[in-house]
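Heads up, structure_18.json below (JSON, C-alpha atoms):
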```
[["chain", "number", "residue", "atom", "x", "y", "z"],
["A", 32, "MET", "CA", 6.61, 47.61, -2.86],
["A", 33, "ALA", "CA", 3.16, 47.76, -1.27],
["A", 34, "CYS", "CA", 0.13, 47.84, -3.51],
["A", 35, "VAL", "CA", -1.48, 51.30, -3.75],
["A", 36, "THR", "CA", -5.16, 51.71, -2.87],
["A", 37, "ILE", "CA", -6.85, 53.88, -5.49],
["A", 38, "PRO", "CA", -9.94, 55.94, -4.57],
["A", 39, "SER", "CA", -13.15, 55.40, -6.55],
["A", 40, "VAL", "CA", -15.98, 57.53, -7.92],
["A", 41, "ILE", "CA", -19.69, 56.71, -7.93],
["A", 42, "LEU", "CA", -21.09, 57.12, -11.43],
["A", 43, "LYS", "CA", -24.67, 57.93, -12.41],
["A", 44, "GLY", "CA", -26.57, 54.80, -13.36],
["A", 45, "CYS", "CA", -23.60, 52.49, -12.75],
["A", 46, "GLU", "CA", -23.90, 49.68, -10.24],
["A", 47, "LYS", "CA", -20.23, 49.72, -9.22],
["A", 48, "ALA", "CA", -17.76, 52.41, -8.16],
["A", 49, "MET", "CA", -14.97, 53.11, -10.66],
["A", 50, "PRO", "CA", -11.33, 53.52, -9.56],
["A", 51, "LEU", "CA", -10.13, 57.03, -10.39],
["A", 52, "ILE", "CA", -6.93, 55.78, -12.01],
["A", 53, "GLY", "CA", -7.08, 53.05, -14.63],
["A", 54, "MET", "CA", -4.61, 51.33, -16.90],
["A", 55, "GLY", "CA", -5.06, 51.75, -20.63],
["A", 56, "THR", "CA", -4.29, 48.78, -22.87],
["A", 57, "SER", "CA", -4.12, 50.49, -26.26],
["A", 58, "SER", "CA", -0.63, 50.41, -27.74],
["A", 59, "TYR", "CA", 0.84, 51.36, -31.10],
["A", 60, "PRO", "CA", 1.96, 49.22, -32.72],
["A", 61, "PRO", "CA", -0.22, 46.68, -30.88],
["A", 62, "ALA", "CA", 1.71, 44.70, -28.27],
["A", 63, "ASP", "CA", 1.87, 40.93, -28.58],
["A", 64, "THR", "CA", -0.36, 38.93, -26.24],
["A", 65, "GLU", "CA", 2.39, 37.89, -23.82],
["A", 66, "THR", "CA", 3.77, 41.43, -23.47],
["A", 67, "ALA", "CA", 0.32, 42.89, -22.82],
["A", 68, "LYS", "CA", -0.60, 40.07, -20.41],
["A", 69, "ALA", "CA", 2.63, 40.51, -18.41],
["A", 70, "ALA", "CA", 2.09, 44.28, -18.18],
["A", 71, "ILE", "CA", -1.49, 43.87, -16.95],
["A", 72, "LEU", "CA", -0.37, 41.35, -14.30],
["A", 73, "GLU", "CA", 2.31, 43.80, -13.18],
["A", 74, "ALA", "CA", -0.32, 46.53, -12.98],
["A", 75, "ILE", "CA", -2.58, 44.36, -10.81],
["A", 76, "GLN", "CA", 0.35, 43.77, -8.45],
["A", 77, "ALA", "CA", 0.98, 47.53, -8.33],
["A", 78, "GLY", "CA", -2.64, 48.22, -7.35],
["A", 79, "TYR", "CA", -4.49, 48.95, -10.60],
["A", 80, "ARG", "CA", -8.02, 47.61, -10.56],
["A", 81, "HIS", "CA", -9.54, 49.49, -13.52],
["A", 82, "PHE", "CA", -8.54, 48.28, -16.99],
["A", 83, "ASP", "CA", -9.58, 50.08, -20.15],
["A", 84, "THR", "CA", -9.80, 48.05, -23.33],
["A", 85, "ALA", "CA", -11.75, 48.09, -26.61],
["A", 86, "PHE", "CA", -12.57, 45.79, -29.48],
["A", 87, "ALA", "CA", -10.53, 48.10, -31.73],
["A", 88, "TYR", "CA", -7.41, 47.83, -29.54],
["A", 89, "GLY", "CA", -7.14, 44.06, -29.93],
["A", 90, "SER", "CA", -6.38, 43.88, -26.19],
["A", 91, "GLU", "CA", -9.53, 42.16, -24.92],
["A", 92, "LYS", "CA", -8.04, 38.67, -25.21],
["A", 93, "PRO", "CA", -4.71, 39.52, -23.50],
["A", 94, "LEU", "CA", -6.73, 41.14, -20.72],
["A", 95, "ARG", "CA", -8.78, 37.94, -20.43],
["A", 96, "GLU", "CA", -5.61, 35.87, -20.04],
["A", 97, "ALA", "CA", -4.19, 38.29, -17.46],
["A", 98, "ILE", "CA", -7.37, 38.19, -15.37],
["A", 99, "ALA", "CA", -7.37, 34.38, -15.41],
["A", 100, "GLU", "CA", -3.70, 34.31, -14.39],
["A", 101, "ALA", "CA", -4.24, 36.89, -11.63],
["A", 102, "LEU", "CA", -7.01, 34.72, -10.20],
["A", 103, "ARG", "CA", -4.83, 31.61, -10.44],
["A", 104, "LEU", "CA", -1.94, 33.36, -8.67],
["A", 105, "GLY", "CA", -4.21, 34.79, -5.98],
["A", 106, "LEU", "CA", -3.40, 38.41, -6.89],
["A", 107, "ILE", "CA", -7.15, 38.95, -6.82],
["A", 108, "GLN", "CA", -9.77, 36.74, -5.21],
["A", 109, "SER", "CA", -12.61, 37.55, -7.60],
["A", 110, "ARG", "CA", -13.25, 39.17, -10.99],
["A", 111, "ASP", "CA", -15.56, 41.52, -9.06],
["A", 112, "GLU", "CA", -12.46, 43.26, -7.65],
["A", 113, "LEU", "CA", -11.77, 44.63, -11.14],
["A", 114, "PHE", "CA", -13.51, 47.37, -13.09],
["A", 115, "ILE", "CA", -13.39, 46.56, -16.81],
["A", 116, "THR", "CA", -14.24, 49.10, -19.50],
["A", 117, "THR", "CA", -14.59, 48.18, -23.17],
["A", 118, "LYS", "CA", -16.03, 49.95, -26.19],
["A", 119, "LEU", "CA", -18.46, 49.55, -29.07],
["A", 120, "TRP", "CA", -16.49, 49.92, -32.30],
["A", 121, "ALA", "CA", -17.83, 52.16, -35.06],
["A", 122, "SER", "CA", -18.32, 49.20, -37.42],
["A", 123, "PHE", "CA", -20.98, 47.83, -35.06],
["A", 124, "ALA", "CA", -22.76, 51.08, -34.22],
["A", 125, "GLU", "CA", -26.08, 50.17, -35.86],
["A", 126, "ARG", "CA", -29.04, 49.57, -33.52],
["A", 127, "THR", "CA", -29.27, 45.89, -34.53],
["A", 128, "GLN", "CA", -25.55, 45.25, -33.98],
["A", 129, "VAL", "CA", -24.89, 46.78, -30.55],
["A", 130, "VAL", "CA", -25.96, 43.91, -28.30],
["A", 131, "SER", "CA", -24.18, 41.28, -30.40],
["A", 132, "ALA", "CA", -21.03, 43.47, -30.42],
["A", 133, "CYS", "CA", -21.13, 43.69, -26.64],
["A", 134, "LYS", "CA", -21.54, 39.91, -26.42],
["A", 135, "MET", "CA", -18.56, 39.50, -28.78],
["A", 136, "SER", "CA", -16.41, 41.60, -26.44],
["A", 137, "LEU", "CA", -17.63, 39.55, -23.47],
["A", 138, "GLU", "CA", -16.63, 36.40, -25.37],
["A", 139, "ASN", "CA", -13.18, 37.88, -26.02],
["A", 140, "LEU", "CA", -12.87, 38.76, -22.34],
["A", 141, "GLN", "CA", -14.50, 35.54, -21.10],
["A", 142, "LEU", "CA", -16.61, 37.63, -18.72],
["A", 143, "GLU", "CA", -20.30, 37.56, -17.92],
["A", 144, "TYR", "CA", -20.40, 41.35, -17.83],
["A", 145, "VAL", "CA", -18.23, 44.44, -18.17],
["A", 146, "ASP", "CA", -18.45, 47.32, -15.74],
["A", 147, "MET", "CA", -18.58, 50.05, -18.39],
["A", 148, "TYR", "CA", -19.46, 49.89, -22.09],
["A", 149, "LEU", "CA", -18.77, 53.00, -24.18],
["A", 150, "ILE", "CA", -19.63, 54.10, -27.72],
["A", 151, "HIS", "CA", -16.07, 54.46, -29.01],
["A", 152, "LEU", "CA", -16.67, 57.18, -31.64],
["A", 153, "PRO", "CA", -19.51, 59.57, -32.55],
["A", 154, "MET", "CA", -19.64, 58.12, -36.07],
["A", 155, "ARG", "CA", -20.41, 54.87, -37.87],
["A", 156, "LEU", "CA", -18.46, 52.79, -40.36],
["A", 157, "THR", "CA", -20.50, 50.67, -42.77],
["A", 158, "GLU", "CA", -17.96, 47.83, -42.81],
["A", 159, "MET", "CA", -15.10, 46.33, -40.82],
["A", 160, "ILE", "CA", -11.71, 47.91, -41.48],
["A", 161, "SER", "CA", -8.21, 46.48, -41.22],
["A", 162, "ARG", "CA", -6.30, 49.70, -41.78],
["A", 163, "THR", "CA", -6.68, 53.47, -41.73],
["A", 164, "PRO", "CA", -7.35, 55.92, -43.31],
["A", 165, "VAL", "CA", -10.68, 54.64, -44.63],
["A", 166, "ALA", "CA", -12.67, 55.35, -47.80],
["A", 167, "GLU", "CA", -15.06, 58.28, -47.41],
["A", 168, "GLU", "CA", -18.06, 56.26, -48.59],
["A", 169, "ILE", "CA", -17.97, 53.99, -45.53],
["A", 170, "VAL", "CA", -18.07, 56.90, -43.06],
["A", 171, "ARG", "CA", -21.59, 57.70, -41.89],
["A", 172, "PRO", "CA", -23.22, 59.88, -39.23],
["A", 173, "LEU", "CA", -24.03, 57.99, -36.06],
["A", 174, "ASP", "CA", -27.70, 57.14, -35.53],
["A", 175, "VAL", "CA", -27.53, 58.45, -31.97],
["A", 176, "LYS", "CA", -31.00, 57.28, -30.98],
["A", 177, "GLY", "CA", -30.57, 53.78, -32.35],
["A", 178, "ALA", "CA", -27.06, 53.31, -31.01],
["A", 179, "TRP", "CA", -28.00, 54.53, -27.55],
["A", 180, "GLU", "CA", -31.09, 52.31, -27.45],
["A", 181, "GLY", "CA", -28.74, 49.41, -28.14],
["A", 182, "MET", "CA", -26.47, 50.52, -25.30],
["A", 183, "GLU", "CA", -29.45, 50.75, -22.96],
["A", 184, "GLU", "CA", -30.45, 47.23, -23.96],
["A", 185, "CYS", "CA", -26.95, 46.00, -23.05],
["A", 186, "LYS", "CA", -27.40, 47.55, -19.62],
["A", 187, "ASN", "CA", -30.91, 46.16, -19.16],
["A", 188, "LEU", "CA", -29.71, 42.68, -20.15],
["A", 189, "GLY", "CA", -26.97, 42.80, -17.50],
["A", 190, "LEU", "CA", -24.16, 42.67, -20.07],
["A", 191, "THR", "CA", -22.69, 45.85, -18.57],
["A", 192, "LYS", "CA", -23.06, 47.64, -15.24],
["A", 193, "GLY", "CA", -22.86, 51.09, -16.84],
["A", 194, "ILE", "CA", -22.94, 52.76, -20.26],
["A", 195, "GLY", "CA", -21.23, 55.84, -21.56],
["A", 196, "LEU", "CA", -19.49, 57.65, -24.40],
["A", 197, "SER", "CA", -16.02, 58.29, -25.78],
["A", 198, "ASN", "CA", -14.82, 61.20, -27.93],
["A", 199, "PHE", "CA", -18.23, 62.92, -27.80],
["A", 200, "SER", "CA", -18.54, 66.72, -28.04],
["A", 201, "CYS", "CA", -20.99, 68.86, -26.05],
["A", 202, "LYS", "CA", -23.30, 68.83, -29.09],
["A", 203, "LYS", "CA", -23.24, 65.05, -29.44],
["A", 204, "ILE", "CA", -23.72, 64.48, -25.69],
["A", 205, "GLU", "CA", -26.77, 66.77, -25.81],
["A", 206, "GLU", "CA", -28.19, 64.60, -28.59],
["A", 207, "VAL", "CA", -27.79, 61.50, -26.40],
["A", 208, "LEU", "CA", -29.28, 63.19, -23.33],
["A", 209, "SER", "CA", -32.32, 64.31, -25.33],
["A", 210, "ILE", "CA", -33.37, 60.71, -26.07],
["A", 211, "ALA", "CA", -31.78, 58.69, -23.25],
["A", 212, "LYS", "CA", -33.83, 56.67, -20.79],
["A", 213, "ILE", "CA", -30.54, 55.84, -19.06],
["A", 214, "PRO", "CA", -28.18, 58.85, -19.27],
["A", 215, "PRO", "CA", -24.50, 58.26, -20.07],
["A", 216, "ALA", "CA", -22.40, 57.75, -16.95],
["A", 217, "LEU", "CA", -19.24, 59.20, -18.44],
["A", 218, "ASN", "CA", -17.47, 60.58, -21.49],
["A", 219, "GLN", "CA", -13.92, 59.40, -22.08],
["A", 220, "VAL", "CA", -11.92, 62.04, -23.95],
["A", 221, "GLU", "CA", -8.41, 63.27, -24.56],
["A", 222, "MET", "CA", -7.44, 65.58, -21.70],
["A", 223, "ASN", "CA", -4.12, 66.78, -20.32],
["A", 224, "PRO", "CA", -2.41, 70.07, -19.37],
["A", 225, "LEU", "CA", -1.99, 70.93, -23.06],
["A", 226, "TRP", "CA", -5.59, 70.07, -23.98],
["A", 227, "GLN", "CA", -7.56, 70.99, -20.89],
["A", 228, "GLN", "CA", -11.09, 70.63, -22.27],
["A", 229, "ARG", "CA", -12.48, 73.43, -20.08],
["A", 230, "GLN", "CA", -15.72, 73.95, -22.02],
["A", 231, "LEU", "CA", -16.49, 70.23, -22.27],
["A", 232, "ARG", "CA", -15.73, 69.71, -18.58],
["A", 233, "GLU", "CA", -18.06, 72.53, -17.55],
["A", 234, "PHE", "CA", -20.81, 71.14, -19.79],
["A", 235, "CYS", "CA", -20.42, 67.59, -18.47],
["A", 236, "ARG", "CA", -20.31, 68.78, -14.86],
["A", 237, "ALA", "CA", -23.60, 70.62, -15.37],
["A", 238, "LYS", "CA", -25.17, 67.53, -16.97],
["A", 239, "GLY", "CA", -23.90, 65.03, -14.39],
["A", 240, "VAL", "CA", -21.65, 63.23, -16.90],
["A", 241, "HIS", "CA", -18.29, 62.19, -15.44],
["A", 242, "ILE", "CA", -15.12, 62.80, -17.49],
["A", 243, "THR", "CA", -12.40, 60.19, -17.89],
["A", 244, "ALA", "CA", -9.16, 61.55, -19.34],
["A", 245, "TYR", "CA", -7.24, 59.45, -21.84],
["A", 246, "SER", "CA", -3.79, 60.42, -23.17],
["A", 247, "PRO", "CA", -3.16, 62.34, -19.91],
["A", 248, "LEU", "CA", 0.55, 62.24, -20.81],
["A", 249, "GLY", "CA", 0.08, 63.09, -24.50],
["A", 250, "ALA", "CA", 0.19, 59.52, -25.88],
["A", 251, "ASN", "CA", 3.89, 59.80, -26.69],
["A", 252, "ASN", "CA", 5.23, 57.06, -29.01],
["A", 253, "THR", "CA", 1.86, 56.47, -30.66],
["A", 254, "LYS", "CA", 0.68, 57.21, -34.19],
["A", 255, "TRP", "CA", -1.32, 60.23, -32.97],
["A", 256, "GLY", "CA", 0.51, 61.39, -29.83],
["A", 257, "ASP", "CA", 3.67, 63.40, -29.18],
["A", 258, "ASN", "CA", 6.12, 64.40, -26.46],
["A", 259, "ARG", "CA", 4.65, 67.84, -25.67],
["A", 260, "ILE", "CA", 3.72, 66.79, -22.12],
["A", 261, "VAL", "CA", 6.80, 64.86, -21.08],
["A", 262, "GLU", "CA", 9.10, 67.52, -22.55],
["A", 263, "SER", "CA", 7.18, 70.58, -21.34],
["A", 264, "ASP", "CA", 9.57, 73.00, -19.63],
["A", 265, "VAL", "CA", 6.76, 74.41, -17.48],
["A", 266, "LEU", "CA", 5.73, 70.99, -16.20],
["A", 267, "ALA", "CA", 9.38, 69.91, -15.81],
["A", 268, "ASN", "CA", 10.18, 72.96, -13.67],
["A", 269, "ILE", "CA", 7.16, 72.32, -11.43],
["A", 270, "ALA", "CA", 8.20, 68.68, -11.14],
["A", 271, "LYS", "CA", 11.77, 69.58, -10.21],
["A", 272, "ALA", "CA", 10.58, 71.99, -7.50],
["A", 273, "ARG", "CA", 8.21, 69.36, -6.06],
["A", 274, "GLY", "CA", 10.57, 66.39, -6.30],
["A", 275, "LYS", "CA", 8.23, 64.64, -8.73],
["A", 276, "THR", "CA", 8.40, 63.48, -12.35],
["A", 277, "THR", "CA", 6.91, 65.55, -15.16],
["A", 278, "ALA", "CA", 4.40, 62.75, -15.76],
["A", 279, "GLN", "CA", 3.33, 62.81, -12.11],
["A", 280, "VAL", "CA", 2.69, 66.56, -12.31],
["A", 281, "ALA", "CA", 0.54, 66.10, -15.43],
["A", 282, "LEU", "CA", -1.43, 63.26, -13.83],
["A", 283, "ARG", "CA", -1.85, 65.12, -10.53],
["A", 284, "TRP", "CA", -3.17, 68.13, -12.46],
["A", 285, "ALA", "CA", -5.83, 65.95, -14.11],
["A", 286, "HIS", "CA", -6.72, 64.34, -10.76],
["A", 287, "GLU", "CA", -7.22, 67.78, -9.21],
["A", 288, "GLN", "CA", -9.70, 68.69, -11.98],
["A", 289, "GLY", "CA", -12.07, 66.06, -10.59],
["A", 290, "VAL", "CA", -11.76, 63.63, -13.50],
["A", 291, "SER", "CA", -10.66, 60.02, -13.60],
["A", 292, "ILE", "CA", -7.57, 59.02, -15.56],
["A", 293, "VAL", "CA", -6.66, 56.18, -17.89],
["A", 294, "THR", "CA", -2.90, 56.06, -18.32],
["A", 295, "LYS", "CA", -0.91, 53.50, -20.28],
["A", 296, "SER", "CA", 2.58, 52.29, -19.51],
["A", 297, "PHE", "CA", 4.00, 48.81, -19.86],
["A", 298, "ASN", "CA", 7.13, 49.93, -17.98],
["A", 299, "LYS", "CA", 7.12, 48.50, -14.43],
["A", 300, "GLU", "CA", 8.67, 51.53, -12.74],
["A", 301, "ARG", "CA", 6.62, 54.18, -14.58],
["A", 302, "MET", "CA", 3.47, 52.14, -14.01],
["A", 303, "ARG", "CA", 4.01, 52.46, -10.25],
["A", 304, "GLN", "CA", 5.09, 56.10, -10.47],
["A", 305, "ASN", "CA", 1.81, 56.90, -12.20],
["A", 306, "LEU", "CA", -0.05, 55.80, -9.06],
["A", 307, "GLN", "CA", 2.06, 57.99, -6.76],
["A", 308, "ILE", "CA", -0.02, 61.12, -7.25],
["A", 309, "LEU", "CA", -2.55, 60.79, -4.45],
["A", 310, "ASP", "CA", -0.75, 61.98, -1.29],
["A", 311, "TRP", "CA", 0.39, 65.45, -2.38],
["A", 312, "ALA", "CA", -1.08, 68.48, -4.17],
["A", 313, "LEU", "CA", -0.03, 71.13, -6.63],
["A", 314, "HIS", "CA", 0.39, 74.68, -5.33],
["A", 315, "SER", "CA", -1.89, 77.45, -6.53],
["A", 316, "GLU", "CA", 1.01, 79.01, -8.45],
["A", 317, "ASP", "CA", 1.61, 75.66, -10.17],
["A", 318, "LEU", "CA", -2.02, 75.51, -11.25],
["A", 319, "GLU", "CA", -1.84, 79.09, -12.51],
["A", 320, "LYS", "CA", 1.19, 78.29, -14.68],
["A", 321, "ILE", "CA", -0.51, 75.19, -16.07],
["A", 322, "SER", "CA", -3.69, 77.15, -16.83],
["A", 323, "GLN", "CA", -1.66, 79.43, -19.12],
["A", 324, "LEU", "CA", -0.12, 76.66, -21.23],
["A", 325, "PRO", "CA", -0.94, 76.87, -24.98],
["A", 326, "GLN", "CA", -3.74, 74.49, -25.94],
["A", 327, "ARG", "CA", -3.76, 72.09, -28.87],
["A", 328, "LYS", "CA", -5.75, 68.95, -29.48],
["A", 329, "GLY", "CA", -3.55, 65.91, -29.99],
["A", 330, "LEU", "CA", -5.96, 63.36, -31.45],
["A", 331, "ASN", "CA", -7.80, 64.42, -34.58],
["A", 332, "LEU", "CA", -10.05, 61.79, -36.12],
["A", 333, "ALA", "CA", -9.14, 63.11, -39.58],
["A", 334, "SER", "CA", -5.51, 62.12, -39.04],
["A", 335, "ILE", "CA", -6.67, 58.53, -38.51],
["A", 336, "MET", "CA", -9.82, 58.11, -40.61],
["A", 337, "GLY", "CA", -8.92, 60.57, -43.35],
["A", 338, "PRO", "CA", -9.87, 64.24, -43.98],
["A", 339, "HIS", "CA", -13.47, 63.45, -44.93],
["A", 340, "GLN", "CA", -16.16, 66.10, -44.52],
["A", 341, "LEU", "CA", -18.04, 64.36, -41.70],
["A", 342, "VAL", "CA", -14.81, 63.57, -39.84],
["A", 343, "LEU", "CA", -13.59, 67.17, -40.14],
["A", 344, "GLU", "CA", -16.94, 68.39, -38.78],
["A", 345, "LEU", "CA", -16.64, 66.07, -35.78],
["A", 346, "ASP", "CA", -13.09, 67.26, -35.12],
["A", 347, "ALA", "CA", -14.28, 70.88, -35.16],
["A", 348, "GLU", "CA", -16.93, 70.30, -32.46],
["A", 349, "VAL", "CA", -15.99, 71.21, -28.89]]
```

What does this structure look like when you write it as structure tokens?
Amino acid sequence: MACVTIPSVILKGCEKAMPLIGMGTSSYPPADTETAKAAILEAIQAGYRHFDTAFAYGSEKPLREAIAEALRLGLIQSRDELFITTKLWASFAERTQVVSACKMSLENLQLEYVDMYLIHLPMRLTEMISRTPVAEEIVRPLDVKGAWEGMEECKNLGLTKGIGLSNFSCKKIEEVLSIAKIPPALNQVEMNPLWQQRQLREFCRAKGVHITAYSPLGANNTKWGDNRIVESDVLANIAKARGKTTAQVALRWAHEQGVSIVTKSFNKERMRQNLQILDWALHSEDLEKISQLPQRKGLNLASIMGPHQLVLELDAEV
């Protein structure tokens, strides 16, 4: 099967265009290195060029091995053909730790730079953690100014081509914008037909902050996700009428909202199906039905970190 060419978006303050569809590498439970590496190589063959990882996922090293193998096999001619996103974990979100954390991720990836570096969470943990939930005393408010200054330093040092946010509310993005010398290029958040993020999308559009949607299919088979998307009767009926899969309808909906998508599948066939959303469009009546779907957030930080006061406050922000 021919490799799909994925369109890109130009991001504010980023030196390289980002493919609008990326492959996520977070899996629960975490995949072993060989499984993750094989899936990433398969994705490169299918046409994926954007790979989303994070220190917290434990997938930086498998991604490193897959990139090296792809170069060896000639699937890509240069690392520059790829767009790599990784994230600053909450345990390293102090001003003095940010640059060294970015360098640690670069060491894991064996890269001279990443294309996008994101603050993973709008909170700080005072120590490394090996399991969740965590004790309330280690959860702290994020020093937004200090953390963002560290991110800007990463950009100025050439460790990353662009900097951005993940899981930030309108309120938290406003805090960053109020002190930023380099504004965030994007905000990566949960978004799908059952959590459409209308208010956040409008806010980000007005501020020039691009949205990347994670869990566009509901993160089924994860600790925090469910099957609401893939088993939605509304989406299934649209898919049947269009000769598409339910997942393709959900992904096409997100694409038509003007956001980029990070979708994770280690299944060869579904991986390719997830790219087959670019040469057709939903009808206006389809979009109307989707707009009326009941909305519920899938990922609550409290379900992972614990129902601590600060975490509950972050979950309540739009």

Handout entry: Separation of atom CA of A:Ser57 from atom CA of A:Cys235, in Å and rounded to one decimal
Key =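 Answer for the atom CA of A:Ser57 to atom CA of A:Cys235 separation: 24.9 Å.
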
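The shell of residues at most 7 Å from stretch 299-303 of chain A, with all atoms listed in the file counted and near chain neighbours (fewer than 6 positions) removed, consists of Glu73, Ala74 and Ala77 of chain A.
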
Residues of stretch 124-177 of chain A that approach stretch 336-349 of chain A to 10 Å or less, counting all atoms listed in the file: could you list each one with the shortest pair of atoms and its distance in Å to one decimal, rows by chain and increasing residue number, as a tab-separated table?
```
residue	atom	partner	partner_atom	distance
A:Leu152	CA	A:Leu345	CA	9.8
A:Pro153	CA	A:Leu345	CA	7.8
A:Met154	CA	A:Val342	CA	8.2
A:Arg162	CA	A:Met336	CA	9.2
A:Thr163	CA	A:Met336	CA	5.7
A:Pro164	CA	A:Met336	CA	4.3
A:Val165	CA	A:Met336	CA	5.4
A:Ala166	CA	A:Gly337	CA	7.8
A:Glu167	CA	A:His339	CA	6.0
A:Glu168	CA	A:His339	CA	9.3
A:Val170	CA	A:Leu341	CA	7.6
A:Arg171	CA	A:Leu341	CA	7.5
A:Pro172	CA	A:Leu341	CA	7.3
```

Fill in the blank from the handout: Among A:Ser296, A:Glu180, A:Ser334, A:Arg229, A:Ala70 is approached most closely, using only C-alpha atoms, by A:Ser296

Problem - Nearest residue to A:Lys118 from the set A:Ser263, A:Ser90, A:Ser197, A:Ser131 (distances using only C-alpha atoms) - result: A:Ser197

Problem - Selected residue of minimal separation from A:Ala101 among A:Ala69, A:Gln128, A:Thr294, A:Phe123, counting only C-alpha atoms - result: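 Looking at the shortest contact to A:Ala101, the residue is A:Ala69.
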